[in-house]
Each structure stands twice: as C-alpha cells, then as structure tokens.
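Presented below is the structure to which this report refers.
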Amino acid sequence: MSIAGGGKWRREAEQLLFKPFRLLTTTLLSLLLPLSFLLLSRLSSASFLFSLIKSPPQPESSFFSVFHCTNPAILYAFVSSISVYSLVLGLTNKITDTDPNRLIPFYPHVSIAWLTLFFVQISVGLGLEETNSDGLIIGSERNFLSRLVFFFGLHEVMLLWCRVIVRPVVDSTLMGGDASQHRREETVVERVALAVSCGTLWWWKLRDEVEALVGVAEAKRALLLLLPINGNNVNVSMEVGTVDFVNWWLYYMVVTIGMVRIVKGSLWFGMVLLFEQGSRRSPRGVSTASSVSTDDNEGDTKV
C-alpha cells in the first residue's frame, strides 16, 4: 500500500510540475514571433541610418557582421510564410468554427518544426543581442487604433505559430512520440497566457519600434521628394529597395489580419445576439401555437 501510495503521490507531483513547465515553455517560445518583428524593425532602422552616413556598422562579433550585412533570408522567409498562412486561414475559415486544431489543414512534421524553431531562436536571440533601439525610424505618427489593429493581427499570427510549430515540438519533447497523431486541445489558461504575454511585449517594446517597418520606407520617400529642392549633393541613394518593400508589406499584411479578425469577431458576436433573441422568442411562439391547437381540439370535441 505504501509503495502504491508513493507512486501515486509521485505521479501527482510530476503532473503538478509538468503543466506549469509546459505552459511556461510554450509561452516563451511563442514570443519568438513578435520578437522576430522587433528584430526586423531594428535591422531596417540600423541599415537606413548607416546608409545615411555611408559608414558600415562596426560589429562586435563576426556573426552580426554576416547577419546585418546580408539579407536575413531565414527570418524573412519564416515571418512571411507564417503571416501569409495566417491570412489565408483567416479569410477561408468559417466564423462558426471553434476548434483550432480543425481550422489548420496542414501541420509540418515534427522534425521540420524542430529545425524551424531552432533557426528562428538562434537568429532572433543573437540578432537582438547585437541590436538596440537607438535611432528608431518611426515615420508618420499613427493613432492608437491602427496600432491596436496591428496588435490583433500580431496576436493571430502568434497563435498560429504556437499551434503549428511551438506546441508540437514542446509536446513531442515532454510527452514523447509523435504529437501530430494526438493533438491536445488548448486550455483557457494557455490562451490567456499567450494573450497577456503578447500584449505585454507589444506595449513595452513593439508598440513604437515595430513602426520602423514602414517608417524607413516613408522616410526614404520623403527624402526623395526633397532631393530636387536641395540639389543633387546628397551622398546617399534614397531609393526604396526590396527589403523596404517587404517590411512595408509585412506590416500591412499583419494589419489586414487584424482587420479580418475584428470583422469576423464582430459578425460572430452579432450572430450570437441574433440567435439569443430568436431562442427567447421561440418558446413563446411555441406555447401560443400549442394553446391555440388545444382550444381547437376542445371545440371539436364539444361539437
């Protein structure tokens, strides 16, 4: 009895420690998505500022020299792919669908998810270590509503990143086996933790710094308009490049995802109110109809 009781107590203790650890790991790894946007915005600002003074950055490590001077293709490919996938799912899924696992038609293999998570973690971690927020290029000031729409879109993309890449890797590591065969359902605590962590990071860092994704392109366009006035003695080319266009495209695609989420959420809320009013009216109609039919039957019986 003591051995059986000790084994049961050990399993309960493991479960008590296992669930918080899984929640913490999943939440922290999910933050790599918004941190990727933060890194791209800092790289964009740094590249623009160094091009103004025609002085390449003095890297503290050889890694940052390669990472900054070359196009961070891995990070752009990852962010673009997950953002496009999130937009397609947002436009094609039905409003009444509630199961997140059924909403996603394609899951990569666990090994591919492992490699993706590894490269993204290395790129984001080392990239943020070598960059800072000095010389932030914001461009035109945007109101709080547009920034809030971007936050909704960023949260939607982060949820997809968590469900497709992070959670299968964490579950397969902690529980063993192929997590794609038996995907567990999301809990309310996990959703709240992801929303709170994303909102905190957005309010602390991303709210201003992510504006550099479009701020650099707007600053270059403004300088191009001023070139004919000030003459041709400018020592730098202010043409909007491919990277600037990709940054601008990524920002407004996330804004579009946020707008789709807000519209679908509003439609879902309206449908809930409509069905609620209909359910309140239908019992009265049924009771009235049943009383009328009962009276008719009683009249026929009397006759």
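Chain labels A, B, ... are given in the sequence in which chains occur in the structure tokens; within each chain residues are numbered consecutively from 1, and ligands are likewise numbered from 1 in the order shown.
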Fill in: Test item: residues at most 10 Å from A:Thr25, only C-alpha atoms, excluding those fewer than 4 positions along its chain, as a PyMOL selection string
chain A and resi 19-21+29-30+166-167+170
*Which polymer residues have any atom within 8 Å of an atom of A:Val120, counting only C-alpha atoms, with same-chain residues fewer than 2 positions away left out, as a PyMOL selection string?*
chain A and resi 32+74-75+78+116-118+122-124
Dump C-alpha atoms for the selected residues as an mmCIF file, in the first residue's frame?
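Below you can see selection.cif, which holds the result:
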data_model
loop_
_atom_site.group_PDB
_atom_site.id
_atom_site.type_symbol
_atom_site.label_atom_id
_atom_site.label_comp_id
_atom_site.auth_asym_id
_atom_site.auth_seq_id
_atom_site.Cartn_x
_atom_site.Cartn_y
_atom_site.Cartn_z
ATOM 1 C CA LEU A 32 9.783 34.406 -30.829
ATOM 2 C CA ILE A 74 15.705 32.806 -42.945
ATOM 3 C CA LEU A 75 13.898 35.307 -40.763
ATOM 4 C CA PHE A 78 9.750 32.422 -41.706
ATOM 5 C CA THR A 116 12.388 25.902 -37.846
ATOM 6 C CA LEU A 117 12.225 26.619 -34.139
ATOM 7 C CA PHE A 118 15.979 26.130 -33.761
ATOM 8 C CA ILE A 122 19.236 31.352 -32.882
ATOM 9 C CA SER A 123 18.567 34.201 -35.324
ATOM 10 C CA VAL A 124 16.300 36.157 -33.001
#
Review point. Between A:Leu91, A:Ala113, A:Leu43, A:Val149, which has the minimum distance to A:Arg207 (counting only C-alpha atoms)?
Key: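 Looking only at the distances to A:Arg207, the closest residue turns out to be A:Val149.
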query = Residues at most 8 Å from stretch 248-262 of chain A, counting only C-alpha atoms, excluding those fewer than 2 positions away in the same chain, as JSON, numbers by chain?
reply = {"A": [80, 83, 84, 86, 87, 90, 91, 146, 149, 150, 151, 152, 153, 154, 156, 157, 213, 214, 217, 244, 245, 246, 264, 265, 266]}
- Message: Residues within 10 Å of A:Leu201, please, as a ChimeraX atom specification. Count only C-alpha atoms; anything in the same chain fewer than 4 positions from it doesn't count.
- Response: /A:31,34-35,38,196-197,205-207
In terms of only C-alpha atoms, the residue from A:Ile53, A:Leu28, A:Leu39, A:Met158 at minimal distance from A:Gly127 is A:Leu39
